[in-house]
>>> print(open('model06.cif').read())   # mmCIF, C-alpha atoms and all ligand atoms
data_start
loop_
_atom_site.label_atom_id
_atom_site.label_comp_id
_atom_site.auth_asym_id
_atom_site.auth_seq_id
_atom_site.Cartn_x
_atom_site.Cartn_y
_atom_site.Cartn_z
CA MET W 69 -33.13 -8.98 -22.81
CA GLU W 70 -30.01 -10.87 -21.83
CA LYS W 71 -26.83 -9.85 -23.59
CA ILE W 72 -25.35 -12.56 -25.82
CA ARG W 73 -21.70 -12.98 -24.91
CA PRO W 74 -18.99 -14.15 -27.30
CA LYS W 75 -16.94 -17.26 -26.54
CA ILE W 76 -14.13 -16.63 -24.07
CA GLU W 77 -10.66 -17.11 -25.60
CA ALA W 78 -8.28 -15.54 -23.10
CA PHE W 79 -7.65 -14.67 -19.46
CA ILE W 80 -5.73 -11.67 -18.13
CA PHE W 81 -4.57 -11.90 -14.53
CA ASP W 82 -3.64 -8.96 -12.35
CA LEU W 83 -0.66 -9.71 -10.09
CA ASP W 84 -0.72 -7.91 -6.72
CA GLY W 85 -3.84 -8.95 -4.78
CA VAL W 86 -4.76 -11.75 -7.19
CA LEU W 87 -1.75 -14.06 -7.45
CA THR W 88 0.34 -12.79 -4.52
CA ASP W 89 0.30 -10.25 -1.71
CA THR W 90 2.99 -7.82 -2.89
CA ALA W 91 0.72 -5.13 -1.37
CA GLU W 92 2.40 -5.84 1.97
CA PHE W 93 5.86 -5.19 0.45
CA HIS W 94 4.58 -1.99 -1.18
CA PHE W 95 3.11 -0.95 2.20
CA GLN W 96 6.36 -1.56 4.10
CA SER W 97 8.36 0.36 1.47
CA TRP W 98 6.03 3.40 1.46
CA LYS W 99 5.97 3.30 5.28
CA ARG W 100 9.76 3.45 5.47
CA LEU W 101 9.86 6.39 3.06
CA CYS W 102 7.08 8.23 4.91
CA GLU W 103 8.78 7.73 8.26
CA GLU W 104 12.00 9.17 6.85
CA GLU W 105 10.08 12.13 5.40
CA LYS W 106 7.75 12.53 8.41
CA ILE W 107 4.66 12.20 6.23
CA PRO W 108 1.55 10.56 7.72
CA PHE W 109 0.92 7.08 6.35
CA ASN W 110 -1.09 4.10 7.52
CA ARG W 111 -2.91 1.00 6.24
CA GLU W 112 -6.03 3.03 5.48
CA ILE W 113 -4.10 5.31 3.09
CA ASN W 114 -2.34 2.23 1.70
CA GLU W 115 -5.69 0.71 0.74
CA LYS W 116 -6.18 3.65 -1.67
CA LEU W 117 -2.98 2.61 -3.49
CA ARG W 118 -4.29 -0.81 -4.53
CA GLY W 119 -3.63 -1.34 -8.26
CA VAL W 120 -2.58 2.32 -8.66
CA SER W 121 0.71 3.33 -10.37
CA ARG W 122 3.76 4.38 -8.34
CA LYS W 123 3.40 8.02 -9.44
CA LYS W 124 -0.29 8.20 -8.60
CA SER W 125 0.41 6.43 -5.29
CA LEU W 126 2.89 9.13 -4.24
CA GLU W 127 0.43 11.85 -5.28
CA ILE W 128 -2.21 10.26 -3.04
CA ILE W 129 0.26 9.96 -0.13
CA LEU W 130 1.40 13.58 -0.45
CA GLY W 131 -2.13 14.99 -0.73
CA ASP W 132 -1.79 18.77 -0.39
CA THR W 133 1.91 18.62 0.52
CA LYS W 134 3.92 20.24 -2.26
CA VAL W 135 7.39 18.97 -3.21
CA SER W 136 9.67 19.87 -6.14
CA GLN W 137 9.75 17.65 -9.24
CA GLU W 138 13.26 16.50 -8.32
CA LYS W 139 12.21 15.60 -4.78
CA PHE W 140 9.14 13.75 -6.11
CA ALA W 141 11.30 11.70 -8.50
CA GLU W 142 13.83 10.97 -5.76
CA MET W 143 11.09 9.79 -3.39
CA MET W 144 9.65 7.43 -6.02
CA GLU W 145 13.13 6.07 -6.67
CA ARG W 146 13.85 5.58 -2.96
CA LYS W 147 10.55 3.75 -2.40
CA ASN W 148 11.32 1.55 -5.39
CA THR W 149 14.78 0.71 -4.03
CA TYR W 150 13.15 -0.45 -0.76
CA TYR W 151 10.53 -2.41 -2.70
CA ARG W 152 13.13 -4.11 -4.94
CA GLU W 153 15.05 -5.09 -1.83
CA SER W 154 11.92 -6.64 -0.29
CA ILE W 155 11.00 -8.76 -3.34
CA LYS W 156 14.52 -10.16 -3.75
CA ASN W 157 13.67 -13.39 -1.96
CA ILE W 158 10.13 -13.82 -3.23
CA SER W 159 9.40 -17.47 -4.05
CA LYS W 160 6.63 -19.99 -4.77
CA ARG W 161 5.73 -19.87 -1.08
CA ASP W 162 4.46 -16.31 -1.63
CA LEU W 163 1.80 -17.37 -4.14
CA PHE W 164 -1.76 -17.12 -2.84
CA PRO W 165 -3.34 -20.52 -2.18
CA GLY W 166 -4.97 -21.78 -5.38
CA ALA W 167 -3.14 -19.27 -7.61
CA GLU W 168 -1.02 -21.77 -9.51
CA LYS W 169 -3.91 -24.24 -9.76
CA VAL W 170 -6.10 -21.72 -11.56
CA LEU W 171 -3.27 -20.78 -13.95
CA GLN W 172 -2.91 -24.49 -14.76
CA GLU W 173 -6.67 -24.75 -15.39
CA VAL W 174 -6.50 -21.82 -17.81
CA LYS W 175 -3.69 -23.49 -19.76
CA LYS W 176 -5.40 -26.90 -19.74
CA GLY W 177 -8.60 -25.27 -21.00
CA GLY W 178 -6.68 -24.06 -24.07
CA PHE W 179 -7.16 -20.35 -23.27
CA LYS W 180 -4.54 -17.72 -23.95
CA LEU W 181 -3.06 -16.17 -20.83
CA ALA W 182 -1.60 -12.73 -20.12
CA LEU W 183 -0.43 -10.85 -17.07
CA GLY W 184 -1.97 -7.38 -16.63
CA SER W 185 -0.15 -5.64 -13.78
CA SER W 186 0.40 -1.91 -13.11
CA SER W 187 3.78 -2.73 -11.63
CA LYS W 188 7.05 -1.92 -13.37
CA ASN W 189 8.51 -4.72 -11.24
CA ALA W 190 6.08 -7.41 -12.37
CA ARG W 191 8.71 -9.42 -14.27
CA PRO W 192 11.09 -10.07 -11.35
CA VAL W 193 8.06 -10.85 -9.17
CA ILE W 194 6.61 -13.54 -11.48
CA GLU W 195 10.09 -14.96 -12.03
CA GLY W 196 10.59 -15.24 -8.26
CA LEU W 197 7.15 -16.79 -7.87
CA GLY W 198 8.08 -19.37 -10.53
CA ILE W 199 5.05 -18.63 -12.75
CA ARG W 200 6.73 -16.75 -15.62
CA ASP W 201 6.22 -19.56 -18.14
CA TYR W 202 2.43 -19.65 -17.82
CA PHE W 203 2.08 -16.27 -19.55
CA GLU W 204 2.41 -15.80 -23.29
CA VAL W 205 2.03 -12.03 -22.90
CA ILE W 206 3.22 -9.76 -20.09
CA ALA W 207 1.52 -6.38 -19.84
CA ASP W 208 3.07 -4.39 -17.00
CA GLY W 209 3.78 -0.83 -15.86
CA ASN W 210 6.27 -0.43 -18.70
CA SER W 211 3.85 -1.47 -21.47
CA VAL W 212 1.61 1.61 -21.76
CA GLU W 213 1.62 5.30 -20.85
CA LYS W 214 -1.79 5.51 -19.20
CA ALA W 215 -2.11 3.41 -16.06
CA LYS W 216 -5.30 1.80 -14.67
CA PRO W 217 -8.12 2.95 -14.46
CA ALA W 218 -7.45 3.70 -18.16
CA PRO W 219 -8.23 0.59 -20.26
CA ASP W 220 -4.90 0.78 -22.15
CA LEU W 221 -3.02 -1.95 -20.27
CA PHE W 222 -5.73 -4.57 -20.79
CA LEU W 223 -6.27 -3.54 -24.43
CA TYR W 224 -2.52 -3.88 -24.96
CA ALA W 225 -2.61 -7.41 -23.49
CA ALA W 226 -5.55 -8.41 -25.71
CA GLU W 227 -3.91 -7.01 -28.82
CA LYS W 228 -0.63 -8.81 -28.11
CA MET W 229 -2.55 -12.08 -27.65
CA GLY W 230 -4.47 -11.42 -30.87
CA VAL W 231 -7.83 -11.74 -29.09
CA SER W 232 -10.65 -9.17 -29.27
CA PRO W 233 -11.45 -7.48 -25.91
CA GLU W 234 -14.94 -8.95 -25.52
CA LYS W 235 -13.43 -12.45 -25.60
CA CYS W 236 -11.17 -11.69 -22.61
CA VAL W 237 -11.75 -12.32 -18.90
CA VAL W 238 -9.85 -10.05 -16.48
CA VAL W 239 -9.22 -11.16 -12.89
CA GLU W 240 -8.69 -8.09 -10.66
CA ASP W 241 -8.69 -7.13 -6.97
CA ALA W 242 -8.61 -3.33 -7.26
CA GLU W 243 -11.30 -0.78 -8.06
CA ALA W 244 -8.93 0.95 -10.49
CA GLY W 245 -8.31 -2.36 -12.29
CA ILE W 246 -11.98 -3.32 -12.44
CA GLU W 247 -12.81 0.08 -13.91
CA ALA W 248 -10.04 -0.32 -16.49
CA ALA W 249 -11.25 -3.79 -17.54
CA LEU W 250 -14.88 -2.65 -17.83
CA LYS W 251 -13.79 0.30 -19.98
CA ALA W 252 -11.87 -2.17 -22.16
CA GLY W 253 -15.14 -4.05 -22.73
CA MET W 254 -13.96 -7.23 -21.00
CA TYR W 255 -15.67 -9.68 -18.64
CA VAL W 256 -14.47 -8.89 -15.12
CA VAL W 257 -13.91 -11.26 -12.22
CA GLY W 258 -13.31 -9.53 -8.87
CA ILE W 259 -11.25 -10.93 -6.02
CA GLY W 260 -11.97 -9.48 -2.58
CA PRO W 261 -14.74 -8.13 -0.37
CA PRO W 262 -18.01 -7.05 -2.09
CA GLU W 263 -17.62 -3.40 -1.06
CA ARG W 264 -14.39 -3.26 -3.07
CA VAL W 265 -15.17 -5.44 -6.09
CA ARG W 266 -18.93 -5.14 -6.58
CA GLN W 267 -18.52 -3.40 -9.97
CA SER W 268 -17.19 -6.66 -11.45
CA HIS W 269 -19.47 -9.12 -13.29
CA VAL W 270 -18.81 -11.86 -10.76
CA TYR W 271 -16.63 -11.98 -7.66
CA PHE W 272 -14.98 -14.34 -5.22
CA SER W 273 -13.70 -13.55 -1.73
CA GLU W 274 -10.25 -14.95 -2.45
CA THR W 275 -8.20 -16.57 -5.22
CA SER W 276 -8.61 -20.06 -3.72
CA GLU W 277 -12.38 -19.75 -4.41
CA LEU W 278 -11.78 -19.09 -8.10
CA SER W 279 -11.93 -21.75 -10.83
CA VAL W 280 -12.19 -21.57 -14.62
CA GLU W 281 -15.38 -23.62 -14.48
CA LYS W 282 -17.06 -21.21 -12.03
CA VAL W 283 -16.11 -18.23 -14.20
CA LEU W 284 -17.45 -19.83 -17.36
CA GLN W 285 -20.67 -20.83 -15.58
CA SER W 286 -21.19 -17.24 -14.44
CA PHE W 287 -20.71 -15.94 -17.95
P1 LIG W 301 5.56 -0.50 -9.03
P2 LIG W 301 -0.98 -4.71 -9.66
C1 LIG W 301 0.22 -2.59 -8.50
O1 LIG W 301 0.23 -3.93 -8.88
C2 LIG W 301 0.10 -2.47 -6.99
O2 LIG W 301 -1.16 -2.97 -6.54
C3 LIG W 301 0.23 -1.03 -6.57
O3 LIG W 301 0.14 -0.92 -5.17
C4 LIG W 301 1.57 -0.48 -7.08
O4 LIG W 301 1.73 0.89 -6.74
C5 LIG W 301 1.62 -0.65 -8.60
O5 LIG W 301 1.48 -2.02 -8.92
C6 LIG W 301 2.92 -0.12 -9.20
O6 LIG W 301 4.00 -0.89 -8.77
O7 LIG W 301 5.90 0.62 -8.10
O8 LIG W 301 6.27 -1.80 -8.73
O9 LIG W 301 5.68 -0.10 -10.49
O10 LIG W 301 -2.08 -4.91 -8.66
O11 LIG W 301 -1.42 -3.89 -10.86
O12 LIG W 301 -0.31 -5.99 -10.06
MG MG W 302 -3.97 -5.82 -8.00
#
>>> encode(input="model06.cif", output="structure tokens", more="lines below")
Ligand code: B16
Ligand code: MG
Amino acid sequence: MEKIRPKIEAFIFDLDGVLTDTAEFHFQSWKRLCEEEKIPFNREINEKLRGVSRKKSLEIILGDTKVSQEKFAEMMERKNTYYRESIKNISKRDLFPGAEKVLQEVKKGGFKLALGSSSKNARPVIEGLGIRDYFEVIADGNSVEKAKPAPDLFLYAAEKMGVSPEKCVVVEDAEAGIEAALKAGMYVVGIGPPERVRQSHVYFSETSELSVEKVLQSF
């Protein structure tokens, strides 16, 4: 029997990979650090870092290589300094095609709107992109202890909006984010290739393919 779904009241958008390609800036920053430290790193390893916290990312990069706690903290800090440098000039031109249009549709449709990003740098990024004012709630890497794939970040966003989880749609590009949103009991829209996003309820190859109408029709 088909599951009866409640009426959708809110959207939660991931940032990197959904609204903009900050993944490239993260990649360049990790690459610089790894070159300095003579640690192997490439685009294939980088793909495993999609949607994953900074700490977890460094754990993945290091693999079996052991470093002291101090060194680990210093490496995270150094990578972040490089990343902050690279996002300094981020602007509207860095938005994915169709990203602002879909945010406008969400607002016009009368839905609540939150950002749900793992990044501790999400605020300067959305300010640079010129989309800060679309969001009534910002859930980012500073909002909760447990990062994606734990559901905490999305549950935090829903609670702050005053909407129950089953009335929220999450738009995500990463496996970790899709898992988090499913655990939160939300309706999940994937952005990206099927092999990456097939766990979502419905998916689109890129943000420009996404519209509020298509999401609601799929519901
Ligand atoms: P920071 P999202 C994620 O952003 C990125 O996809 C991931 O690569 C990054 O490690 C993470 O943010 C943490 O970022 O180092 O700036 O705190 O996709 O959740 O918007
Ligand atoms: Mg993402």
>>> residues_near_ligand(input="model06.cif", ligand="ligand LIG 301 (chain W)", cutoff="6 Å", atoms="only C-alpha atoms and all ligand atoms", output="list in words")
Asp82, Leu83, Asp84, Gly85, Ala91, Leu117, Arg118, Gly119, Val120, Ser121, Arg122, Ser125, Ser185, Ser186, Ser187, Lys188, Asn189 and Gly209 of chain W
>>> residues_around(input="model06.cif", residues="segment 238-244 of chain W", least_positions_apart="6", cutoff="6 Å", atoms="all atoms listed in the file", output="PyMOL selection string")
chain W and resi 79-82+85+118-119+216-217+256-260
>>> residues_around(input="model06.cif", residues="segment 110-112 of chain W", least_positions_apart="5", cutoff="10 Å", atoms="all atoms listed in the file", output="list in words")
Glu92, Phe95, Gln96, Trp98, Lys99, Cys102, Leu117 and Ile129 of chain W
>>> residues_around(input="model06.cif", residues="Thr88 of chain W", least_positions_apart="4", cutoff="10 Å", atoms="all atoms listed in the file", output="JSON, numbers by chain")
{"W": [82, 83, 84, 92, 158, 160, 161, 162, 163, 164, 165, 167, 193, 194, 197, 275]}
>>> atom_distance(input="model06.cif", atom1="atom CA of Glu277 of chain W", atom2="atom MG of ligand MG 302 (chain W)")
16.7 Å
